[in-house]
>>> print(open('model01.cif').read())   # mmCIF, C-alpha atoms
data_upload
#
loop_
_atom_site.label_atom_id
_atom_site.label_comp_id
_atom_site.auth_asym_id
_atom_site.auth_seq_id
_atom_site.Cartn_x
_atom_site.Cartn_y
_atom_site.Cartn_z
CA MET L 1 65.59 66.50 190.26
CA ALA L 2 62.55 64.84 188.76
CA THR L 3 59.90 63.43 191.01
CA SER L 4 57.66 60.69 189.75
CA SER L 5 54.12 60.75 190.96
CA THR L 6 51.10 58.80 189.97
CA PRO L 7 48.99 60.79 187.54
CA THR L 8 45.52 61.50 188.83
CA PRO L 9 42.64 61.61 186.37
CA THR L 10 40.74 64.85 186.41
CA ASN L 11 37.38 63.20 185.92
CA MET L 12 37.50 60.91 188.97
CA THR L 13 34.50 61.19 191.26
CA THR L 14 34.15 60.17 194.85
CA ALA L 15 31.40 57.99 196.28
CA ALA L 16 29.72 61.09 197.70
CA ASP L 17 29.70 62.72 194.26
CA ARG L 18 28.19 59.60 192.64
CA ASN L 19 25.37 59.50 195.19
CA GLU L 20 24.59 63.21 195.02
CA TRP L 21 21.11 64.05 193.74
CA ARG L 22 21.51 65.99 190.47
CA TRP L 23 18.96 66.82 187.79
CA GLY L 24 19.53 66.45 184.07
CA PHE L 25 21.48 63.95 182.03
CA THR L 26 24.30 63.36 184.47
CA PRO L 27 25.94 60.12 185.61
CA GLN L 28 24.43 60.70 189.07
CA ALA L 29 20.92 60.93 187.63
CA GLU L 30 21.46 57.71 185.68
CA ILE L 31 22.62 55.92 188.83
CA TRP L 32 19.47 57.01 190.68
CA ASN L 33 17.34 56.06 187.66
CA GLY L 34 18.81 52.56 187.76
CA ARG L 35 18.19 52.25 191.49
CA PHE L 36 14.55 53.25 191.16
CA ALA L 37 14.11 50.91 188.19
CA MET L 38 15.44 48.01 190.27
CA LEU L 39 13.03 48.89 193.10
CA GLY L 40 10.11 49.00 190.66
CA PHE L 41 11.07 45.67 189.13
CA VAL L 42 11.28 43.99 192.54
CA ALA L 43 7.93 45.54 193.52
CA ALA L 44 6.36 44.14 190.34
CA LEU L 45 7.79 40.69 191.01
CA LEU L 46 6.51 40.74 194.60
CA THR L 47 3.08 41.89 193.45
CA GLU L 48 2.86 39.04 190.96
CA TYR L 49 4.15 36.48 193.46
CA LEU L 50 1.91 37.52 196.35
CA SER L 51 -1.28 38.16 194.37
CA GLY L 52 -0.99 35.36 191.82
CA GLN L 53 -1.77 37.69 188.94
CA GLY L 54 0.15 40.12 186.78
CA VAL L 55 0.66 43.76 187.73
CA LEU L 56 -1.74 45.07 185.08
CA HIS L 57 -4.45 42.66 186.21
CA PHE L 58 -3.76 43.44 189.88
CA TYR L 59 -4.41 47.15 189.33
CA ASN L 60 -7.31 46.29 187.01
CA LEU L 61 -5.70 48.03 184.07
CA MET L 62 -6.01 45.03 181.78
CA HIS L 63 -9.28 43.23 181.81
CA THR L 64 -9.50 39.57 180.97
CA ILE L 65 -10.35 39.20 177.32
CA ASN L 66 -12.72 36.36 176.58
CA THR L 67 -12.24 35.11 173.07
CA THR L 68 -14.37 32.60 171.27
CA VAL L 69 -12.80 30.39 168.67
CA VAL L 70 -15.12 29.67 165.79
CA ARG L 71 -14.45 26.44 163.91
#
>>> encode(input="model01.cif", output="structure tokens")
Amino acid sequence: MATSSTPTPTNMTTAADRNEWRWGFTPQAEIWNGRFAMLGFVAALLTEYLSGQGVLHFYNLMHTINTTVVR
């Protein structure tokens, strides 16, 4: 008697496995990298919106360059 069952992939991960903190080039590390990148991007947008200047100018990493045009 043959029983039919749904095949289960061997590489399926659970939500707990995806959110686990792992070092190296793993899918979990890439997920965390993306999360931190999104946080940094939102922080940069908020800094620019609230201060009225870019992030590099806000932290004084890029000084205003005064250029003179000679005609």
>>> atom_distance(input="model01.cif", atom1="atom CA of Trp21 of chain L", atom2="atom CA of Asn33 of chain L")
10.7 Å
>>> atom_distance(input="model01.cif", atom1="atom CA of Ile31 of chain L", atom2="atom CA of Ala43 of chain L")
18.6 Å
>>> atom_distance(input="model01.cif", atom1="atom CA of Glu48 of chain L", atom2="atom CA of Arg35 of chain L")
20.2 Å
>>> closest_residue(input="model01.cif", among="L:Val70, L:His57, L:Leu46, L:Arg18", to="Glu30 of chain L", atoms="all atoms listed in the file")
L:Arg18
>>> residues_around(input="model01.cif", residues="Gln28 of chain L", least_positions_apart="3", cutoff="12 Å", atoms="all atoms listed in the file", output="PDB file with C-alpha atoms, in the frame of the given file")
ATOM      1  CA  THR L  13      34.500  61.190 191.260  1.00  0.00           C
ATOM      2  CA  THR L  14      34.150  60.170 194.850  1.00  0.00           C
ATOM      3  CA  ALA L  15      31.400  57.990 196.280  1.00  0.00           C
ATOM      4  CA  ALA L  16      29.720  61.090 197.700  1.00  0.00           C
ATOM      5  CA  ASP L  17      29.700  62.720 194.260  1.00  0.00           C
ATOM      6  CA  ARG L  18      28.190  59.600 192.640  1.00  0.00           C
ATOM      7  CA  ASN L  19      25.370  59.500 195.190  1.00  0.00           C
ATOM      8  CA  GLU L  20      24.590  63.210 195.020  1.00  0.00           C
ATOM      9  CA  TRP L  21      21.110  64.050 193.740  1.00  0.00           C
ATOM     10  CA  ARG L  22      21.510  65.990 190.470  1.00  0.00           C
ATOM     11  CA  TRP L  23      18.960  66.820 187.790  1.00  0.00           C
ATOM     12  CA  GLY L  24      19.530  66.450 184.070  1.00  0.00           C
ATOM     13  CA  PHE L  25      21.480  63.950 182.030  1.00  0.00           C
ATOM     14  CA  ILE L  31      22.620  55.920 188.830  1.00  0.00           C
ATOM     15  CA  TRP L  32      19.470  57.010 190.680  1.00  0.00           C
ATOM     16  CA  ASN L  33      17.340  56.060 187.660  1.00  0.00           C
ATOM     17  CA  GLY L  34      18.810  52.560 187.760  1.00  0.00           C
ATOM     18  CA  ARG L  35      18.190  52.250 191.490  1.00  0.00           C
TER      19      ARG L  35
END
>>> axis_aligned_box(input="model01.cif", around="segment 35-39 of chain L", padding_each_side="3 Å", output="JSON")
{"center_x": 15.6, "center_y": 50.6, "center_z": 190.6, "size_x": 11.2, "size_y": 11.2, "size_z": 10.9}
